[in-house]
Amino acid sequence: MKISFTGTGCSGKSTLLKMCQEYYGDKFQYVTEVTRPLARKGFKINEEGDSATQRAIIDAHIENNKLDDVIMDRCIVDGYVYTEWLFTHQKVDEKTYEYAANTLNKLINDIDIIFYCCPLQMEDDGQRSTSKKFQSDINNIMTMLLYQDDWNSSYNNMLITLEDKDVDKRFKDIKIAIEEHEHSTTR
């Protein structure tokens, strides 16, 4: 089973992933970060990202997609959405944008459950962007992709929106969705 959180910075993905680690233990593998390790290697991230960064991020999503029984902090949806924002702001080239779009189309149906985490209040952790405009732009692209684009009709698995700001309610919804998926695949 492949499960991923998706959403802007400051949407609770990492907190929920930690809760999954504590609850599910070694039932799953966990991918806790994609972008930050690249930042530590000198890649530009967030609004300053470029083609090299986005290609490295997409490559990481391709590698993560090879894992089984995994819960990921981000997935190819995030890689594509951030690449689209950077492309529209002329920070990545068309070839990189096409790479992200093609990879999204190839990998998306491998993910059994996507939990879309609605944005929460911005917090500065020293690495994530604190720009409310950037967060809003990313969220707009993401919700358009997840709920209105043609892509949505081609995604054949579970898409769960985690709107509630209460982390315990969000986690309860996660456990229910995972349990439902497990029961549906064992029939």
# chains A, B, ... in the order shown; residues from 1 in each chain; ligands from 1

$ residues_around --residues "region 30-37 of chain A" --least-positions-apart "6" --cutoff "6 Å" --atoms "only C-alpha atoms" --output "PyMOL selection string"
chain A and resi 70-73

$ write_last_selection --atoms "C-alpha atoms" --output "PDB file, in the first residue's frame"
ATOM      1  CA  VAL A  70       4.963   3.257   2.616  1.00  0.00           C
ATOM      2  CA  ILE A  71       3.577   6.500   3.987  1.00  0.00           C
ATOM      3  CA  MET A  72       5.132   9.599   2.439  1.00  0.00           C
ATOM      4  CA  ASP A  73       5.272  13.182   3.644  1.00  0.00           C
TER       5      ASP A  73
END

$ select_by_dssp --residues "region 39-127 of chain A" --states "strand (DSSP E)" --output "PDB file with N, CA and C atoms, in the first residue's frame"
ATOM      1  N   VAL A  70       4.275   2.009   2.296  1.00  0.00           N
ATOM      2  CA  VAL A  70       4.963   3.257   2.616  1.00  0.00           C
ATOM      3  C   VAL A  70       3.956   4.373   2.864  1.00  0.00           C
ATOM      4  N   ILE A  71       4.311   5.250   3.784  1.00  0.00           N
ATOM      5  CA  ILE A  71       3.577   6.500   3.987  1.00  0.00           C
ATOM      6  C   ILE A  71       4.573   7.629   3.756  1.00  0.00           C
ATOM      7  N   MET A  72       4.212   8.532   2.854  1.00  0.00           N
ATOM      8  CA  MET A  72       5.132   9.599   2.439  1.00  0.00           C
ATOM      9  C   MET A  72       4.622  10.977   2.862  1.00  0.00           C
ATOM     10  N   ILE A 113      -3.780   5.920  -1.465  1.00  0.00           N
ATOM     11  CA  ILE A 113      -4.521   6.959  -0.736  1.00  0.00           C
ATOM     12  C   ILE A 113      -3.692   8.231  -0.735  1.00  0.00           C
ATOM     13  N   ILE A 114      -4.316   9.322  -1.121  1.00  0.00           N
ATOM     14  CA  ILE A 114      -3.696  10.642  -0.991  1.00  0.00           C
ATOM     15  C   ILE A 114      -4.525  11.426   0.016  1.00  0.00           C
ATOM     16  N   PHE A 115      -3.842  11.906   1.045  1.00  0.00           N
ATOM     17  CA  PHE A 115      -4.481  12.770   2.037  1.00  0.00           C
ATOM     18  C   PHE A 115      -4.076  14.210   1.735  1.00  0.00           C
ATOM     19  N   TYR A 116      -5.037  14.992   1.258  1.00  0.00           N
ATOM     20  CA  TYR A 116      -4.776  16.404   1.007  1.00  0.00           C
ATOM     21  C   TYR A 116      -4.994  17.163   2.317  1.00  0.00           C
ATOM     22  N   CYS A 117      -3.924  17.773   2.809  1.00  0.00           N
ATOM     23  CA  CYS A 117      -3.957  18.537   4.065  1.00  0.00           C
ATOM     24  C   CYS A 117      -4.183  20.011   3.748  1.00  0.00           C
TER      25      CYS A 117
END

$ residues_around --residues "Asp59 (chain A)" --least-positions-apart "3" --cutoff "10 Å" --atoms "only C-alpha atoms" --output "VMD selection string"
chain A and resid 34 53 to 56 62 to 65 76 79 99 to 100 103

$ write_last_selection --atoms "all heavy atoms" --output "mmCIF file, in the first residue's frame"
data_model
loop_
_atom_site.group_PDB
_atom_site.id
_atom_site.type_symbol
_atom_site.label_atom_id
_atom_site.label_comp_id
_atom_site.auth_asym_id
_atom_site.auth_seq_id
_atom_site.Cartn_x
_atom_site.Cartn_y
_atom_site.Cartn_z
ATOM 1 N N VAL A 34 11.622 15.148 1.426
ATOM 2 C CA VAL A 34 12.155 15.105 0.074
ATOM 3 C C VAL A 34 12.970 16.366 -0.183
ATOM 4 O O VAL A 34 14.123 16.308 -0.600
ATOM 5 C CB VAL A 34 11.015 14.962 -0.974
ATOM 6 C CG1 VAL A 34 11.540 15.134 -2.386
ATOM 7 C CG2 VAL A 34 10.320 13.610 -0.826
ATOM 8 N N THR A 53 16.654 21.861 -9.047
ATOM 9 C CA THR A 53 15.951 21.447 -7.828
ATOM 10 C C THR A 53 14.750 20.587 -8.168
ATOM 11 O O THR A 53 14.554 19.509 -7.594
ATOM 12 C CB THR A 53 15.481 22.683 -7.030
ATOM 13 O OG1 THR A 53 16.602 23.480 -6.683
ATOM 14 C CG2 THR A 53 14.723 22.278 -5.782
ATOM 15 N N GLN A 54 13.932 21.048 -9.092
ATOM 16 C CA GLN A 54 12.704 20.324 -9.400
ATOM 17 C C GLN A 54 12.990 18.970 -10.030
ATOM 18 O O GLN A 54 12.301 17.994 -9.742
ATOM 19 C CB GLN A 54 11.782 21.175 -10.272
ATOM 20 C CG GLN A 54 11.217 22.394 -9.540
ATOM 21 C CD GLN A 54 10.649 22.074 -8.176
ATOM 22 O OE1 GLN A 54 11.192 22.472 -7.154
ATOM 23 N NE2 GLN A 54 9.545 21.340 -8.141
ATOM 24 N N ARG A 55 14.015 18.871 -10.836
ATOM 25 C CA ARG A 55 14.375 17.564 -11.404
ATOM 26 C C ARG A 55 14.829 16.611 -10.298
ATOM 27 O O ARG A 55 14.451 15.434 -10.291
ATOM 28 C CB ARG A 55 15.453 17.716 -12.472
ATOM 29 C CG ARG A 55 14.912 18.275 -13.757
ATOM 30 C CD ARG A 55 16.000 18.411 -14.830
ATOM 31 N NE ARG A 55 15.368 18.697 -16.084
ATOM 32 C CZ ARG A 55 14.796 17.795 -16.881
ATOM 33 N NH1 ARG A 55 14.794 16.540 -16.534
ATOM 34 N NH2 ARG A 55 14.233 18.153 -18.013
ATOM 35 N N ALA A 56 15.597 17.123 -9.345
ATOM 36 C CA ALA A 56 16.039 16.287 -8.215
ATOM 37 C C ALA A 56 14.845 15.851 -7.368
ATOM 38 O O ALA A 56 14.790 14.703 -6.899
ATOM 39 C CB ALA A 56 17.068 17.039 -7.372
ATOM 40 N N ILE A 62 10.190 9.566 -7.858
ATOM 41 C CA ILE A 62 10.261 8.323 -8.637
ATOM 42 C C ILE A 62 10.844 7.204 -7.771
ATOM 43 O O ILE A 62 10.314 6.080 -7.739
ATOM 44 C CB ILE A 62 11.086 8.521 -9.927
ATOM 45 C CG1 ILE A 62 10.331 9.441 -10.896
ATOM 46 C CG2 ILE A 62 11.423 7.175 -10.580
ATOM 47 C CD1 ILE A 62 11.156 9.934 -12.076
ATOM 48 N N GLU A 63 11.915 7.494 -7.046
ATOM 49 C CA GLU A 63 12.524 6.490 -6.158
ATOM 50 C C GLU A 63 11.570 6.096 -5.034
ATOM 51 O O GLU A 63 11.438 4.915 -4.715
ATOM 52 C CB GLU A 63 13.853 7.004 -5.593
ATOM 53 C CG GLU A 63 14.952 7.075 -6.620
ATOM 54 C CD GLU A 63 15.198 5.741 -7.324
ATOM 55 O OE1 GLU A 63 15.390 4.713 -6.633
ATOM 56 O OE2 GLU A 63 15.188 5.714 -8.569
ATOM 57 N N ASN A 64 10.906 7.073 -4.434
ATOM 58 C CA ASN A 64 9.959 6.774 -3.346
ATOM 59 C C ASN A 64 8.810 5.911 -3.835
ATOM 60 O O ASN A 64 8.275 5.096 -3.089
ATOM 61 C CB ASN A 64 9.418 8.066 -2.730
ATOM 62 C CG ASN A 64 10.484 8.841 -2.003
ATOM 63 O OD1 ASN A 64 11.531 8.303 -1.625
ATOM 64 N ND2 ASN A 64 10.242 10.125 -1.807
ATOM 65 N N ASN A 65 8.420 6.091 -5.093
ATOM 66 C CA ASN A 65 7.319 5.329 -5.662
ATOM 67 C C ASN A 65 7.654 3.840 -5.776
ATOM 68 O O ASN A 65 6.762 3.012 -5.889
ATOM 69 C CB ASN A 65 6.937 5.899 -7.028
ATOM 70 C CG ASN A 65 5.617 5.373 -7.509
ATOM 71 O OD1 ASN A 65 4.589 5.619 -6.896
ATOM 72 N ND2 ASN A 65 5.645 4.613 -8.600
ATOM 73 N N ILE A 76 4.312 12.863 -5.747
ATOM 74 C CA ILE A 76 4.478 13.482 -7.058
ATOM 75 C C ILE A 76 3.509 14.637 -7.282
ATOM 76 O O ILE A 76 3.802 15.558 -8.040
ATOM 77 C CB ILE A 76 4.384 12.415 -8.180
ATOM 78 C CG1 ILE A 76 4.782 13.007 -9.536
ATOM 79 C CG2 ILE A 76 3.001 11.786 -8.224
ATOM 80 C CD1 ILE A 76 6.189 13.581 -9.609
ATOM 81 N N GLY A 79 5.431 17.559 -6.137
ATOM 82 C CA GLY A 79 6.501 17.849 -7.092
ATOM 83 C C GLY A 79 5.978 18.555 -8.324
ATOM 84 O O GLY A 79 6.559 19.530 -8.799
ATOM 85 N N TYR A 99 8.666 17.181 -17.718
ATOM 86 C CA TYR A 99 9.149 16.029 -16.945
ATOM 87 C C TYR A 99 8.250 15.817 -15.720
ATOM 88 O O TYR A 99 7.832 14.690 -15.425
ATOM 89 C CB TYR A 99 10.606 16.274 -16.537
ATOM 90 C CG TYR A 99 11.254 15.175 -15.730
ATOM 91 C CD1 TYR A 99 11.243 13.851 -16.167
ATOM 92 C CD2 TYR A 99 11.915 15.458 -14.548
ATOM 93 C CE1 TYR A 99 11.862 12.843 -15.443
ATOM 94 C CE2 TYR A 99 12.539 14.470 -13.813
ATOM 95 C CZ TYR A 99 12.506 13.162 -14.264
ATOM 96 O OH TYR A 99 13.126 12.178 -13.532
ATOM 97 N N ALA A 100 7.928 16.907 -15.033
ATOM 98 C CA ALA A 100 7.051 16.813 -13.858
ATOM 99 C C ALA A 100 5.660 16.333 -14.254
ATOM 100 O O ALA A 100 5.084 15.448 -13.599
ATOM 101 C CB ALA A 100 6.978 18.166 -13.148
ATOM 102 N N THR A 103 5.736 12.639 -15.306
ATOM 103 C CA THR A 103 5.960 11.775 -14.145
ATOM 104 C C THR A 103 4.696 11.686 -13.291
ATOM 105 O O THR A 103 4.342 10.611 -12.803
ATOM 106 C CB THR A 103 7.159 12.271 -13.321
ATOM 107 O OG1 THR A 103 8.312 12.349 -14.177
ATOM 108 C CG2 THR A 103 7.459 11.338 -12.169
#

$ residues_around --residues "Thr185 (chain A)" --least-positions-apart "6" --cutoff "12 Å" --atoms "only C-alpha atoms" --output "ChimeraX atom specification"
/A:1,112,157,178-179

$ write_last_selection --atoms "N, CA, C and O atoms" --output "short mmCIF file (atom, residue, chain, number, x, y, z; two decimals), in the first residue's frame"
data_model
loop_
_atom_site.label_atom_id
_atom_site.label_comp_id
_atom_site.auth_asym_id
_atom_site.auth_seq_id
_atom_site.Cartn_x
_atom_site.Cartn_y
_atom_site.Cartn_z
N MET A 1 0.85 -1.18 0.00
CA MET A 1 0.00 0.00 0.00
C MET A 1 0.89 1.23 0.00
O MET A 1 1.85 1.32 0.75
N ASP A 112 -2.22 4.60 -3.42
CA ASP A 112 -3.54 4.08 -3.04
C ASP A 112 -4.40 5.12 -2.34
O ASP A 112 -5.60 5.17 -2.55
N ASN A 157 -7.93 6.07 -7.28
CA ASN A 157 -7.84 5.63 -5.90
C ASN A 157 -8.47 6.64 -4.95
O ASN A 157 -9.23 7.50 -5.38
N ILE A 178 -7.40 4.32 6.00
CA ILE A 178 -6.46 3.20 5.83
C ILE A 178 -7.17 1.88 6.11
O ILE A 178 -7.02 0.91 5.36
N GLU A 179 -7.96 1.85 7.16
CA GLU A 179 -8.71 0.63 7.50
C GLU A 179 -9.68 0.27 6.38
O GLU A 179 -9.78 -0.90 5.98
#

$ closest_residue --among "A:Met144, A:Ala101, A:Lys41, A:Tyr23" --to "Lys172 (chain A)" --atoms "only C-alpha atoms"
A:Tyr23

$ atom_distance --atom1 "CA of Thr88 (chain A)" --atom2 "CA of Asp150 (chain A)"
19.4 Å

$ closest_residue --among "A:Thr8, A:Gln148, A:Thr15, A:Thr96" --to "Lys132 (chain A)" --atoms "only C-alpha atoms"
A:Thr8

$ select_by_dssp --residues "region 88-122 of chain A" --states "alpha helix (DSSP H)" --output "list in words"
Thr88, Glu94, Lys95, Thr96, Tyr97, Glu98, Tyr99, Ala100, Ala101, Asn102, Thr103, Leu104, Asn105, Lys106 and Leu107 of chain A

$ atom_distance --atom1 "CA of Asp69 (chain A)" --atom2 "CA of Phe5 (chain A)"
14.2 Å

$ closest_residue --among "A:Thr83, A:Asn156, A:Ser184, A:Thr143" --to "Thr6 (chain A)" --atoms "only C-alpha atoms"
A:Thr143

$ atom_distance --atom1 "CA of Lys2 (chain A)" --atom2 "CA of Asp110 (chain A)"
7.0 Å

$ residues_around --residues "Asp164 (chain A)" --least-positions-apart "4" --cutoff "10 Å" --atoms "only C-alpha atoms" --output "list in words"
Cys117, Cys118, Leu120, Asp168, Lys169, Arg170 and Asp173 of chain A
